[in-house]
Amino acid sequence: MTTVHPSTQKLPAFPLFLAAVILVLFTVTRVALTVFYTGADLAPMRLWPVIFAKGFWFDLVVTCTLLAPVLLYEALLPNRWRLSRWHHILRLLWLWLSLSILLFGAVAEITFWMEFSTRFNFIALDYLIYTQEVIGNIRESYPVGWIFAAIGALAALIVWLLKKPIQRADSLALNSIQRIGLAVAAIALPTLGLFAANIDQMQGQGNNYAAELSGNGLFTISAAMRRNELDYDKFYRTIPENTAQAILHKLGVTALGLRDRPTLDVVSSNPIPFSKRPRNIILISVESLSASYMGSYGSTQGLTPEMDKLARAGMQFDQLFATGTRTVRGLDALSLGTPPIPGQAIVHRPNNEHLATIGELLKQQGFAPYFFYGGYGYFDNMNAYFRGNDYQIVDRTDFPKGSVMFENIWGVSDEFLFNNVIRTLDAELAAGKPFFAHVMTTSNHRPFTYPDGRIDIPSPGSREGGVKYTDYAIGKFIRDAQSKPWFNDTLFVIVADHCASVAGKTKLPVNNYHIPLIFYAPALLKPAHYAPMISQIDIPPTLIDVLGMQGAAAFFGRSVFDPRPAPERAFISNYQELGYLKNGILTVLQPKQQVESYRVDPKTYASTPTAIDPQLLSEAIAYYQTASTAFKTGALHLPGYRKPN
């Protein structure tokens, strides 16, 4: 019978074996992301030593945390159990399962990087909530069965290679001093890592790709959990409230968030370029449509012939910038017209009902506001938000079964979404009400599947196919609408929710916020270009202005048809960096009261660090501080609204 022998080693071997495997796995993942999925053109090779040095630091901190329960188990495991057959089998099974999970995490990081060019962040957190869509998307986009089989086989191979060393390690008994040391290490190592490591240590290379590559996905997602809700006053640079209010008044801002609340019963007298005011508006927010994909914005790929026709026949806005990198940020801007607030979007937050949204304002003036979505509207809290702001929701659950000929995990194909929009609006016409319809598309999203025979790119057609199919669907929708009695009285607004890509060499790459905007109403509006820079938050007051309705003064944005000189500024952000683009300077507010400034090339949108402009910094703080405070205090609610007890 085999016996347990006293140990002469200072540390048990099993935790060391496991630590080595974890560190190797993390390093291989970083090598793959750096070499194969990023490359020297985006992350220069001169930065690679720093990437891997910082990366090893974060990997070491995460490894120490992962090892804590193992160390504690080793400290408590009786020596007589070490050589038992059942314990050896259970240890190997546990090791196989743990390695499979870690390998799955590595594969998930690679696929996440392919989509977002970042380590796991707050987007990954949101995806953990909506598992049906996310898991379905993965199943439709990748050979999941083969991936799982490969992960399981690789984990089994590692376990087989470690089987004998582990068995030999288990033959060594532990004394009391070693057990105490293991218990202390189980507590001390992750605690020290928590205090010594900080996500901000990823920065400093001057290249955002390098910063992200130096991170560890488990570390960054845990940081996202802590920073998902960011109180502006606590984390960002502030100025006295009176100063912020004075700055915004001087800039001509008349939002509900200001101390002197605007009069909402005033109809703007701004001149508009329409032969007469439209009766209805259909706002199409296209999923992930960068301006760079459209021929009317300079693309030579030929992916958007239908929208290019609409741009030539309508009013094209040359310099529109999205406020964020996710659909919910676009929905915030397109409904509420407010600069983004740090952390979660307003669409996701509690107490977001009966705000001064375009739908809420128009509902009070006799309009029928709609929100159409081809997927399930519970995703990203869209149904709750829009229903709470007096929109009528029409999503995938409301479409007649016979009206849907193709769908994927994200929703019905865009052409069938638009068919149901027409069906619903025809019924609304019979009721005699003017309508405002916000339509959110889904087809330009992975897995990029759509019906065959529509375009010359077979499904699944990657991003290019998704763009071209959505373009086809929009063109068909406009042609179908032309036969409707409401067509000549309707303004069609085509805009993106955000760009397709969110990554760049800087934290806020300006080119990845440039989105298209087209006003199309052939019976009401002559072809034109609008050249000044505008923001997504300017769209709601513009549409209220165009309709000649009350409430344009409620927004932080401003109508593009305001006779005063255009403000020529934009707001771009991710969940924690808040950018203010004006006069060719991008001022970026960051947590811990940090500020950065970049000069932006007007043609390429390339950014280079520059000195901070005090005036632009004050304006940036005034906008973001006031917007954040306005939502937090309830000032964005319509006058007369009382929060339920």
# chains A, B, ... in the order shown; residues from 1 in each chain; ligands from 1
call {"tool": "select_by_dssp", "arguments": {"residues": "range 423-497 of chain A", "states": "alpha helix (DSSP H)", "output": "number ranges by chain"}}
result
A: 423-431, 462-481
call {"tool": "residues_around", "arguments": {"residues": "Tyr623 in chain A", "least_positions_apart": "2", "cutoff": "9 Å", "atoms": "only C-alpha atoms", "output": "PDB file with N, CA and C atoms, in the first residue's frame"}}
result
ATOM      1  N   ALA A 244     -21.548  76.479 -14.265  1.00  0.00           N
ATOM      2  CA  ALA A 244     -21.987  75.576 -15.331  1.00  0.00           C
ATOM      3  C   ALA A 244     -23.259  76.099 -15.995  1.00  0.00           C
ATOM      4  N   GLN A 245     -24.212  76.563 -15.186  1.00  0.00           N
ATOM      5  CA  GLN A 245     -25.462  77.088 -15.728  1.00  0.00           C
ATOM      6  C   GLN A 245     -25.198  78.322 -16.599  1.00  0.00           C
ATOM      7  N   ILE A 247     -22.465  79.094 -18.237  1.00  0.00           N
ATOM      8  CA  ILE A 247     -21.794  78.698 -19.480  1.00  0.00           C
ATOM      9  C   ILE A 247     -22.808  78.177 -20.488  1.00  0.00           C
ATOM     10  N   LEU A 248     -23.731  77.328 -20.035  1.00  0.00           N
ATOM     11  CA  LEU A 248     -24.717  76.761 -20.956  1.00  0.00           C
ATOM     12  C   LEU A 248     -25.692  77.823 -21.452  1.00  0.00           C
ATOM     13  N   PRO A 339     -26.641  64.884 -23.621  1.00  0.00           N
ATOM     14  CA  PRO A 339     -25.299  64.302 -23.669  1.00  0.00           C
ATOM     15  C   PRO A 339     -25.253  63.010 -22.866  1.00  0.00           C
ATOM     16  N   PHE A 556     -31.051  69.343 -24.520  1.00  0.00           N
ATOM     17  CA  PHE A 556     -29.700  69.899 -24.503  1.00  0.00           C
ATOM     18  C   PHE A 556     -29.215  70.158 -25.928  1.00  0.00           C
ATOM     19  N   TYR A 580     -15.747  65.913 -25.754  1.00  0.00           N
ATOM     20  CA  TYR A 580     -16.399  67.128 -26.250  1.00  0.00           C
ATOM     21  C   TYR A 580     -15.566  67.636 -27.414  1.00  0.00           C
ATOM     22  N   SER A 618     -14.107  73.955 -19.720  1.00  0.00           N
ATOM     23  CA  SER A 618     -15.246  74.450 -18.933  1.00  0.00           C
ATOM     24  C   SER A 618     -16.572  74.108 -19.614  1.00  0.00           C
ATOM     25  N   GLU A 619     -16.615  74.238 -20.940  1.00  0.00           N
ATOM     26  CA  GLU A 619     -17.842  73.909 -21.667  1.00  0.00           C
ATOM     27  C   GLU A 619     -18.151  72.419 -21.558  1.00  0.00           C
ATOM     28  N   ALA A 620     -17.119  71.591 -21.699  1.00  0.00           N
ATOM     29  CA  ALA A 620     -17.334  70.143 -21.594  1.00  0.00           C
ATOM     30  C   ALA A 620     -17.883  69.775 -20.226  1.00  0.00           C
ATOM     31  N   ILE A 621     -17.269  70.310 -19.179  1.00  0.00           N
ATOM     32  CA  ILE A 621     -17.727  70.017 -17.823  1.00  0.00           C
ATOM     33  C   ILE A 621     -19.161  70.518 -17.630  1.00  0.00           C
ATOM     34  N   GLN A 625     -21.697  67.645 -16.675  1.00  0.00           N
ATOM     35  CA  GLN A 625     -22.079  67.745 -15.263  1.00  0.00           C
ATOM     36  C   GLN A 625     -23.558  68.058 -15.138  1.00  0.00           C
ATOM     37  N   THR A 626     -24.041  69.012 -15.916  1.00  0.00           N
ATOM     38  CA  THR A 626     -25.438  69.420 -15.822  1.00  0.00           C
ATOM     39  C   THR A 626     -26.368  68.318 -16.305  1.00  0.00           C
ATOM     40  N   ALA A 627     -25.996  67.629 -17.391  1.00  0.00           N
ATOM     41  CA  ALA A 627     -26.838  66.543 -17.904  1.00  0.00           C
ATOM     42  C   ALA A 627     -26.943  65.409 -16.897  1.00  0.00           C
ATOM     43  N   SER A 628     -25.813  65.056 -16.286  1.00  0.00           N
ATOM     44  CA  SER A 628     -25.812  63.976 -15.311  1.00  0.00           C
ATOM     45  C   SER A 628     -26.644  64.348 -14.078  1.00  0.00           C
TER      46      SER A 628
END
call {"tool": "residues_around", "arguments": {"residues": "range 23-36 of chain A", "least_positions_apart": "3", "cutoff": "7 Å", "atoms": "only C-alpha atoms", "output": "PyMOL selection string"}}
result
chain A and resi 19-20+39+59+106+110+213
call {"tool": "select_by_dssp", "arguments": {"residues": "range 242-410 of chain A", "states": "strand (DSSP E or B)", "output": "number ranges by chain"}}
result
A: 267, 274, 280-286, 315-321, 355, 368-373, 392-394, 407-408
call {"tool": "closest_residue", "arguments": {"among": "A:Ala43, A:Val394, A:Val546, A:Ala291", "to": "Tyr513 in chain A", "atoms": "only C-alpha atoms"}}
result
A:Ala291
call {"tool": "closest_residue", "arguments": {"among": "A:Phe492, A:Tyr530, A:Phe321, A:Phe519", "to": "His438 in chain A", "atoms": "only C-alpha atoms"}}
result
A:Phe492
call {"tool": "residues_around", "arguments": {"residues": "range 464-466 of chain A", "least_positions_apart": "4", "cutoff": "9 Å", "atoms": "only C-alpha atoms", "output": "ChimeraX atom specification"}}
result
/A:293,301,303,443-450,455-460,470-471
call {"tool": "write_last_selection", "arguments": {"atoms": "N, CA, C and O atoms", "output": "short mmCIF file (atom, residue, chain, number, x, y, z; two decimals), in the first residue's frame"}}
result
data_model
loop_
_atom_site.label_atom_id
_atom_site.label_comp_id
_atom_site.auth_asym_id
_atom_site.auth_seq_id
_atom_site.Cartn_x
_atom_site.Cartn_y
_atom_site.Cartn_z
N TYR A 293 -19.28 53.41 -44.66
CA TYR A 293 -19.82 52.36 -45.52
C TYR A 293 -20.63 52.91 -46.68
O TYR A 293 -20.92 52.19 -47.63
N GLN A 301 -17.18 50.94 -52.01
CA GLN A 301 -17.54 49.53 -51.96
C GLN A 301 -18.87 49.22 -52.63
O GLN A 301 -19.16 48.05 -52.91
N LEU A 303 -21.93 49.43 -51.31
CA LEU A 303 -22.78 48.68 -50.40
C LEU A 303 -24.13 49.34 -50.14
O LEU A 303 -25.04 48.69 -49.64
N SER A 443 -30.63 43.74 -38.78
CA SER A 443 -29.94 42.82 -39.69
C SER A 443 -28.45 43.09 -39.83
O SER A 443 -27.68 42.17 -40.13
N ASN A 444 -28.03 44.33 -39.62
CA ASN A 444 -26.60 44.64 -39.71
C ASN A 444 -25.91 44.31 -38.39
O ASN A 444 -25.32 45.16 -37.74
N HIS A 445 -25.99 43.05 -38.01
CA HIS A 445 -25.43 42.57 -36.75
C HIS A 445 -25.07 41.11 -36.95
O HIS A 445 -25.79 40.36 -37.61
N ARG A 446 -23.95 40.72 -36.36
CA ARG A 446 -23.60 39.31 -36.38
C ARG A 446 -24.76 38.48 -35.89
O ARG A 446 -25.39 38.83 -34.92
N PRO A 447 -25.16 37.38 -36.57
CA PRO A 447 -24.41 36.59 -37.55
C PRO A 447 -24.55 37.04 -39.00
O PRO A 447 -24.13 36.30 -39.90
N PHE A 448 -25.15 38.22 -39.28
CA PHE A 448 -25.26 38.76 -40.64
C PHE A 448 -25.93 37.77 -41.58
O PHE A 448 -25.46 37.51 -42.69
N THR A 449 -27.05 37.24 -41.15
CA THR A 449 -27.84 36.35 -42.00
C THR A 449 -29.09 37.07 -42.47
O THR A 449 -29.65 37.90 -41.75
N TYR A 450 -29.55 36.72 -43.68
CA TYR A 450 -30.70 37.39 -44.28
C TYR A 450 -31.22 36.50 -45.41
O TYR A 450 -30.55 35.52 -45.81
N ILE A 455 -29.59 40.37 -52.37
CA ILE A 455 -28.40 41.12 -52.77
C ILE A 455 -27.38 40.14 -53.35
O ILE A 455 -27.58 38.92 -53.32
N ASP A 456 -26.29 40.67 -53.87
CA ASP A 456 -25.29 39.83 -54.53
C ASP A 456 -24.23 39.30 -53.58
O ASP A 456 -23.20 38.79 -54.02
N ILE A 457 -24.46 39.41 -52.28
CA ILE A 457 -23.55 38.84 -51.28
C ILE A 457 -24.32 37.74 -50.57
O ILE A 457 -25.29 38.02 -49.86
N PRO A 458 -23.94 36.47 -50.73
CA PRO A 458 -24.69 35.37 -50.11
C PRO A 458 -24.68 35.48 -48.59
O PRO A 458 -23.74 35.97 -47.98
N SER A 459 -25.77 35.01 -48.00
CA SER A 459 -25.89 34.98 -46.54
C SER A 459 -25.25 33.71 -45.99
O SER A 459 -25.37 32.65 -46.60
N PRO A 460 -24.54 33.80 -44.84
CA PRO A 460 -24.18 35.00 -44.08
C PRO A 460 -23.09 35.79 -44.80
O PRO A 460 -22.14 35.22 -45.32
N THR A 470 -29.43 45.55 -45.36
CA THR A 470 -30.22 46.60 -44.72
C THR A 470 -30.51 47.72 -45.70
O THR A 470 -31.61 48.28 -45.73
N ASP A 471 -29.53 48.06 -46.53
CA ASP A 471 -29.74 49.07 -47.57
C ASP A 471 -30.85 48.64 -48.52
O ASP A 471 -31.73 49.43 -48.87
#
call {"tool": "closest_residue", "arguments": {"among": "A:Pro527, A:Gly359, A:Gly551, A:Pro485", "to": "Arg261 in chain A", "atoms": "only C-alpha atoms"}}
result
A:Gly551
call {"tool": "atom_distance", "arguments": {"atom1": "CA of Gly337 in chain A", "atom2": "CA of Leu508 in chain A"}}
result
20.4 Å
call {"tool": "residues_around", "arguments": {"residues": "Leu362 in chain A", "least_positions_apart": "3", "cutoff": "10 Å", "atoms": "only C-alpha atoms", "output": "list of chain:residue names"}}
result
A:Ala356, A:Thr357, A:Ile358, A:Gly359, A:Gln365, A:Gly366, A:Phe367, A:Ala368, A:Pro369, A:Asp390, A:Tyr391, A:Pro434, A:Phe435, A:Phe436, A:Ile544, A:Leu547, A:Met549, A:Gln550, A:Gly551
call {"tool": "closest_residue", "arguments": {"among": "A:Val600, A:Ala566, A:Phe555, A:Gly105", "to": "Leu258 in chain A", "atoms": "only C-alpha atoms"}}
result
A:Phe555
call {"tool": "residues_around", "arguments": {"residues": "Phe148 in chain A", "least_positions_apart": "5", "cutoff": "10 Å", "atoms": "only C-alpha atoms", "output": "VMD selection string"}}
result
chain A and resid 100 103 to 104 107 143 153 to 154
call {"tool": "atom_distance", "arguments": {"atom1": "CA of Ala155 in chain A", "atom2": "CA of Gly217 in chain A"}}
result
19.8 Å
call {"tool": "residues_around", "arguments": {"residues": "Gly330 in chain A", "least_positions_apart": "4", "cutoff": "8 Å", "atoms": "only C-alpha atoms", "output": "NGL selection string"}}
result
:A and (322-326 or 334 or 496-498 or 536)
call {"tool": "atom_distance", "arguments": {"atom1": "CA of Ile409 in chain A", "atom2": "CA of Phe371 in chain A"}}
result
19.5 Å
call {"tool": "closest_residue", "arguments": {"among": "A:Leu616, A:Ile239, A:Val62, A:Leu99", "to": "Leu218 in chain A", "atoms": "only C-alpha atoms"}}
result
A:Val62
call {"tool": "closest_residue", "arguments": {"among": "A:Leu617, A:Val50, A:Phe14, A:Ile422", "to": "Gln205 in chain A", "atoms": "only C-alpha atoms"}}
result
A:Val50
